[in-house]
Every structure is written in C-alpha cells, then in structure tokens.
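*Asks:* Below is one structure. I have some questions about it.
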Amino acid sequence: MSSHVKEHHGHEHQPLGGRVLTLPFLICATLVAIAGVILFQRYTQGLAAASNLNDGYPWGIWVAIDVVIGSAFGCAGYVIALLCYILNRGEYHPLVRPAVLASLFGYGLAGLAVLVDLGRYWNFYHMMLPWYAQPNSVMLEVGLCVATYTLVLVVEFAPAFLERFGIEGLRAKLNKVLWVFIALGVLLPTMHQSSLGTMMVIVGHKLSPLWQSQMLPVFFLLTAILMGFAIVVWESVMASLNFRRPMETPVLSKLSGLMLVVASLFVVLRFVDLIVRGQIGQIFGGPQSGWFIAEMVLMISGLALLIPKANRNRSRALFLAASLLLAAGILYRLNVYLIGFTPAVGPWHYFPSVKEIMITVGVFALEIALYLLFVKKLPVMHAVHPEHG
Amino acid sequence: MSKNMMSKSRTSVSRRGFLRNAVKGSAAAAAAACTTVVAAPPEANALVRPPKPLPPDAVGLLYDSTLCIGCKACVTACKEVNHMPPDVGPAQQGWNAGGGGQPIYDSPVELSAKTLNVIKAYSHGTGATKDAAENGFAFIKRQCLHCADPSCVSVCPVSAMTKDAKTGIVNHDPSACIGCRYCVLSCPFGVPKYDYNDAFGEIKKCQLCKQQLAKNELPGCADVCPTGATLFGRTEDLKAEAKRRTALKVGEYTHFPRGDIAGKVGGPRSGHEKLVEAAYQTHIYGEKELGGTQCLAVSAVPFDKLNLPTNVPENGYPTLSEGIQHTLYAGMIAPATVFAGLAYLAHRNTKNHTDE
C-alpha cells in the first residue's frame, strides 16, 4: 500500500479559492432568479400557468429531465464510492469528493424539482408516514430511497465541511462510522435507479415496445452507472480546463475502460431484449424508431471511440466519448419517460413551454452555481502537488 | 473482493485478462437472465404476480351503446350529484359576459377534473345510420371502469387511491394525495384527471356515486338514463346481461331493464321492450381487458373505433411491475444481504483510508 500512504498524508484536499462572483456564476444566478419568478406563478395559479403539462402527459420535462436524468447525473458519487471503497481501487480516491458533491446537488435538486412538480406538494411528507405508505407503489420505494440517499450524501460530504471549519473531533467520530453510510450510498442508488425503470413498466402499451420491457430496471441501472462514469470524466476534464489544473488523464483512462464495458453490455442487452420480445422489427420504420436509432448511434459511437486503447489516454477523445455516452443515456431516459410514451385515449400533445424549460434551466443553473461556490470555498478538489504538475 | 484485487503486484496484463473474463461472464449471465425474464410464460415467471380477482359483490355499470340516444342526461346528473362545475368546450365559449362572467353552458368534450362522466360520439362518412361503423354514428360513455386490478391503486405512494374490498369501487382521498399524477400517467383507460389551472388542484375521477349508493340511491348516470343504456348492478349480473345482449339477433324483440338490474337500488323501475336494430359485437368491453373491469360496455361498432384501448393484455399491468418489486424486495432479504456485503467491504476498505 506504499502508493496509498503517499496519497493519504495530511490535508490532501484544498479549496480552489479565487473570486466567487465570476461571469459564469452571475449568469447562473440570473437564470435561477428567472426560474424563481416563474415558480411564483406556478404556486399562485397552478401548474398550467408555468407548464404545458396535461392529462395526457401528466409528467413532462420536470420529471423526465430534472428528476430521472438529473439523478443519473448524480450517480457520480455512487460509481466512485463503488470503485473506491467497495472494490478498493484507491487510485480513484482523488475523484471521490468532487463526485459526492456533484451527486449531492444532483439529488438535492431532483428532490427540489419534485416539489415544483407535485400538484399537492403540501402533503409531500405523507410519503414518510408509515400509515399512508402503499408498499406496492414503485414510487414510494423510489421516493424514500432518494430522500434517504440525499441524507447519506450529506453525511458522505460532511468531512469536507468539518475539515474546513476545523471540527476535528466530530470528523474523527464520523470517520469511524462512515463505512455504514458508504455501504448505504452504494445500496440505495442501486435500488432506486433500477426502480426508476420499473416505474414505467406499469404504463404498459402506452410506452412503445422499443422501450417497454421487464428489463427496464436493468437498463436504468446500467445507464445510471454509465452516466455516473461519464459525468466523472466530463466534470474532471471541465474542471481541469476551467480551473487550469493538470488533467487527471491516467485515472480517467481506467474509468473509460469501465465505461466501454457498461456501454457494450447495454447495447448487447438492448438487442437481446428486442429479439427475445419479438419486437426487433420495430427498429425499422416502427413509430418512434428514429429516436431508438439516435439513441443507439450515440451509444455505439461513444463506445467505439473508446475501443482503441490510445484514445483512452487522450483527454479530447475521452471528453468526446464521455459526452456521447452521456447524451445516449440522456436520450434513453427521455425516450422511456416522454418520447416513447403515447397517452391512452387521445389525441394529446405535449411540448414543454418556455416557462417550463426555464424552470429546468434554473434547477441546473442552481446546481452549477452551488458547485462553483463549494469547490472554491471548501476542500473538495484534490490538492495539486508540484511533483504531480 | 478477493485478496488479489488488493494486491499491488498484479500486472496490467493479468488485470486486463481478469476484466475481459469478468465482462464475458457477466454478459453471458445477463443475456441468459434477460431471456428468462422476458421469454418465460406468465405462470412460470417469478417476475409476474398473479392477477387479482373481482370482489364477489363488486358493483358497476353496463353501458349499451345501441340503446344510448346521446341525450347526455347522465352528464348533467353526474355534475349535479357530485357538485362538479361546468366544463366549457373550446367551441362553446359564450359570446357575451353573461352569467357574471362564469361559464353557464356545460359542454364537456372529454373527461377532465371538472367532468367525471362524458358521452362521446363516433361518426364516419355520411353519418346517416345509428350504430353503423360505415357511414354511421355511435355513442360511447366514458367514466372510471373500476378495474379488478387497478394500476392507479398500485402506483399511489400514499394510499390516496384505494379499492373498496366489498364493492370494489376505486376511491380517491384528496386529503392524502400528494398530486404526483402517477395515477393519471398509469391508468390504461385515461380516467383520473388533475386540475392544472388550480393552484390547489385535485385528482378527480368517478367513484360510482358511492355517496348515493350509501343512501340506497342509484349513481346519477344510471338514475336518469331514459333508455337503460346505462344500467347499474352487481358486475356478475351485468356480465350475464351483456352476454345475453351480444347473443341477440337483429330483429329480435326483447326486454331492456332500467336503473338497477336487480331492481333494488333506487327502487324497482319498469324497463322497456325494443327491437334489436343493429348487430351487437361479440366483444364485451371490460370482460377481459387488463384483468377485467367492473363497468362493462356492449356496442354494435367495434370498440377501437370508439377510441377505447383494445389491443391490451388480459392481465393488469400491476402484475408486471409488482411482480418485479415483490421478487426483488421480498421480505427485504435481498437488499439486506447486499447491504451486509457492502458494509463488510466498506468497513474493511476504509480502515486504510485514514483521511476520509
């Protein structure tokens, strides 16, 4: 473990410092303010005042993007904790804190988006009360799991806070029990990310046979892991470029090998599933087949880029591959929750309104603004030592 | 993971070999699992739960499209009995600000948060002949079908949507509801609706006038229907009546009851005799659809033309989603086992990570 000893001495994380009120931060703050104004309308006049949601499409982009896709963005902490602490790959250690922070915001804001979308939000706490619980509901499992996991992420990130404010006693105590939270931090996303897929099983024929399958939980778990890896690579390259830090390419190239494995598994299983269900013909000219093809083109071109080993050491190729795979995961989830969905007794139409989009933009802008603030003020990023640079 | 995972002496070649084998192995296992899950017949598939039967005393409605004259008395009665506001269709907006600016002319075109029951019309070509698919027209009544195995009840996280154990009526309790609209999304018949124009909107759906039944009175729609096109009764009795009607031949002269088929709820009523003028479809809508429904329909025009979902499985969709959940989370044994394994590994592996 000699290489570990070197990595774990003293304060290995440090705040990046620098100005908080930068242009990107101010742009994000403005977008958040715009979303705030629209939220006022939503809460005083109802959902229709801020969205195009209707009884044919009761779930729009607030669910599909903010929650279903946003929480997959939040899987960075899940996959890195899995690699670092469960599979004991110490080399991923520098990625843990930024990943956990990204997850914390991804999940926290998905929870916030749920409160925007809920039609009777003042009753939301009924989800936590056992006498209201309806154990057959996949959503109950997802809701409780996500709420618990957000608390777990707070605990997982707490060392950074405690370190910053010098609360060493509590930090030492927390470290002794942190393994419990790490285990929960891997178990809970495995449960609720797969269940996000199970949630759409019950819509039955309303979801195109290109996506409707008892395998939905498997595909959602795979895209969660894949998007978790991809967002780590993406975030790492972005941080290196924008904060002028050295690239973390060696560790990222190992991650990219895992992305290749998961993406390949996804593609193979998708086709096996379609063939076994006898729906393979839907690929050619069935309704919505174009969206299936787009999803597959993104996924296959992303993984193809990672097949030559040399590409896994090129940060540009890595970034492009991660972007393509991320886009493939986004499109898969959007297809399942919105594009592949046709309401029962129609016709119904849905395309998000400008206000609806601005709320989603505001949620993601808040995520970015908080991330920028936290990495500058708290010890999140791995310290850059001269011998590394 | 085994000790050699921790060992730093392994070469990258052996690691690659290990990874390659692991990938091959897990891909094969996953493909086999995938085949088992998707291809297994329902009764042998651990991921499918058995369908739920109808309660023996389940009640419902039988709608006979051939008897319906499209008078919409049922729509009006439904509004009155359930204190629902008028719903004004886009083509029926008033031309002045009469009625204190409030819409007074109720003209719903679809089920909504203001309309629990609606009559819709099918028309084709010249629209000359009643109950003809070609160059004809026909009516269809839309309201909650009260499924034997309702998706809305299965999805509701807070037990706001419930199915009465005795009558089988699917009820909704707004005081429990969080407004997630999963019931709206999941209903295969597009029945529950939410009011998007109300800051404090509620989910609305037909509850078979349970408040009227409690007073031994008929549901509003069945109470006022002049032709017996909407008939109330025990679902078993209604199913038998539906089978009698679909076996009738054109030109037969037969009796059609009104109100309650058993003549009890709302008191006895006289029916009427009538010639069968259009040939019934043999398809009884709701007999088999998605595990069966308590409200049934018969018609001379095929139900797909009446805009009802027809190409649907005979078991409700909750058998699939709950099948997955009940298997994965049976007794919470699998999650507890996984947690134990994860906790062991995390505990062992964090001992070395003194700083985290």
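Just so we're on the same page: first chain in the structure tokens is A, next is B, and so on; residues restart at 1 for each chain, and ligands are numbered from 1 in the order they show up.
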Which residues of chain A are close to chain B, meaning at most 7 Å apart when you count only C-alpha atoms, and how do they look as an MDAnalysis selection string?
*Replies:* chainID A and resid 8 43:49 55 58 85:88 118:121 123:124 126:127 132:134 136:140 175 179:180 182:184 187 198 201:204 214:215 261 265 269 272:273 276:277 344:345
*Asks:* Mind writing the picked residues with C-alpha atoms as a short mmCIF file (atom, residue, chain, number, x, y, z; two decimals), in the first residue's frame?
*Replies:*
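Below you can see result35.cif, which holds the result:
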data_model
loop_
_atom_site.label_atom_id
_atom_site.label_comp_id
_atom_site.auth_asym_id
_atom_site.auth_seq_id
_atom_site.Cartn_x
_atom_site.Cartn_y
_atom_site.Cartn_z
CA HIS A 8 -3.20 9.99 2.27
CA TYR A 43 -47.58 28.29 -6.95
CA THR A 44 -50.21 31.03 -7.18
CA GLN A 45 -52.02 29.98 -10.39
CA GLY A 46 -51.39 26.25 -10.77
CA LEU A 47 -49.25 24.02 -12.96
CA ALA A 48 -50.79 25.21 -16.25
CA ALA A 49 -49.57 28.77 -15.61
CA ASP A 55 -53.86 14.86 -18.50
CA PRO A 58 -49.08 14.42 -16.68
CA TYR A 85 -14.46 1.75 -1.23
CA ILE A 86 -16.21 -1.45 -2.29
CA LEU A 87 -13.80 -2.64 -4.99
CA ASN A 88 -10.94 -0.96 -3.05
CA LEU A 118 -46.15 17.80 -7.17
CA GLY A 119 -49.73 19.02 -7.59
CA ARG A 120 -50.40 18.76 -3.84
CA TYR A 121 -46.89 19.50 -2.57
CA ASN A 123 -48.88 16.81 1.51
CA PHE A 124 -45.45 15.59 0.34
CA HIS A 126 -47.18 11.74 3.62
CA MET A 127 -44.52 9.76 1.73
CA TYR A 132 -50.00 6.43 4.41
CA ALA A 133 -47.48 4.01 2.89
CA GLN A 134 -48.65 1.88 -0.02
CA ASN A 136 -46.81 -1.88 -3.83
CA SER A 137 -46.01 1.58 -5.15
CA VAL A 138 -42.71 1.70 -7.01
CA MET A 139 -42.79 5.45 -6.49
CA LEU A 140 -42.89 5.05 -2.71
CA ASN A 175 -14.88 8.60 10.06
CA TRP A 179 -18.45 2.80 6.26
CA VAL A 180 -22.14 2.40 7.13
CA ILE A 182 -20.71 4.34 2.22
CA ALA A 183 -22.48 0.97 2.09
CA LEU A 184 -25.87 2.74 2.07
CA LEU A 187 -27.09 0.15 -1.95
CA THR A 198 -39.61 -0.31 -13.06
CA VAL A 201 -43.40 -0.90 -16.58
CA ILE A 202 -46.95 -0.19 -15.38
CA VAL A 203 -47.75 2.21 -18.23
CA GLY A 204 -47.85 -0.91 -20.40
CA GLN A 214 -39.49 -6.21 -17.84
CA MET A 215 -35.78 -5.41 -18.34
CA VAL A 261 -17.74 -2.38 -20.67
CA LEU A 265 -23.34 -4.54 -22.13
CA LEU A 269 -28.77 -6.47 -23.83
CA VAL A 272 -31.18 -9.35 -26.99
CA ASP A 273 -34.25 -7.94 -25.23
CA VAL A 276 -36.49 -12.14 -27.33
CA ARG A 277 -39.65 -9.99 -27.14
CA ALA A 344 -54.17 6.06 -23.67
CA VAL A 345 -57.21 7.89 -25.01
#
*Asks:* What separation in Å, quoted to one decimal, exists between atom CA of Gly56 of chain A and atom CA of Pro343 of chain A?
*Replies:*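 Interatomic distance here is 5.1 Å.
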*Asks:* Could you write out, as an MDAnalysis selection string, all the residues of segment 46-282 of chain B that DSSP marks as helix (DSSP H, G or I)?
*Replies:* chainID B and resid 73:81 90:92 99:101 151:155 182:186 210:214 220:224 235:246
*Asks:* What gap, in Å, lies between atom CA of Ser103 of chain A and atom CA of Ile69 of chain A?
*Replies:*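 A separation of 12.3 Å between them.
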*Asks:* Please provide the set of residues having any atom within 7 Å of Phe220 of chain A, restricted to only C-alpha atoms, with same-chain residues fewer than 3 positions apart removed, written as JSON, numbers by chain.
*Replies:* {"A": [193, 194, 196, 197, 216, 217, 223, 224]}
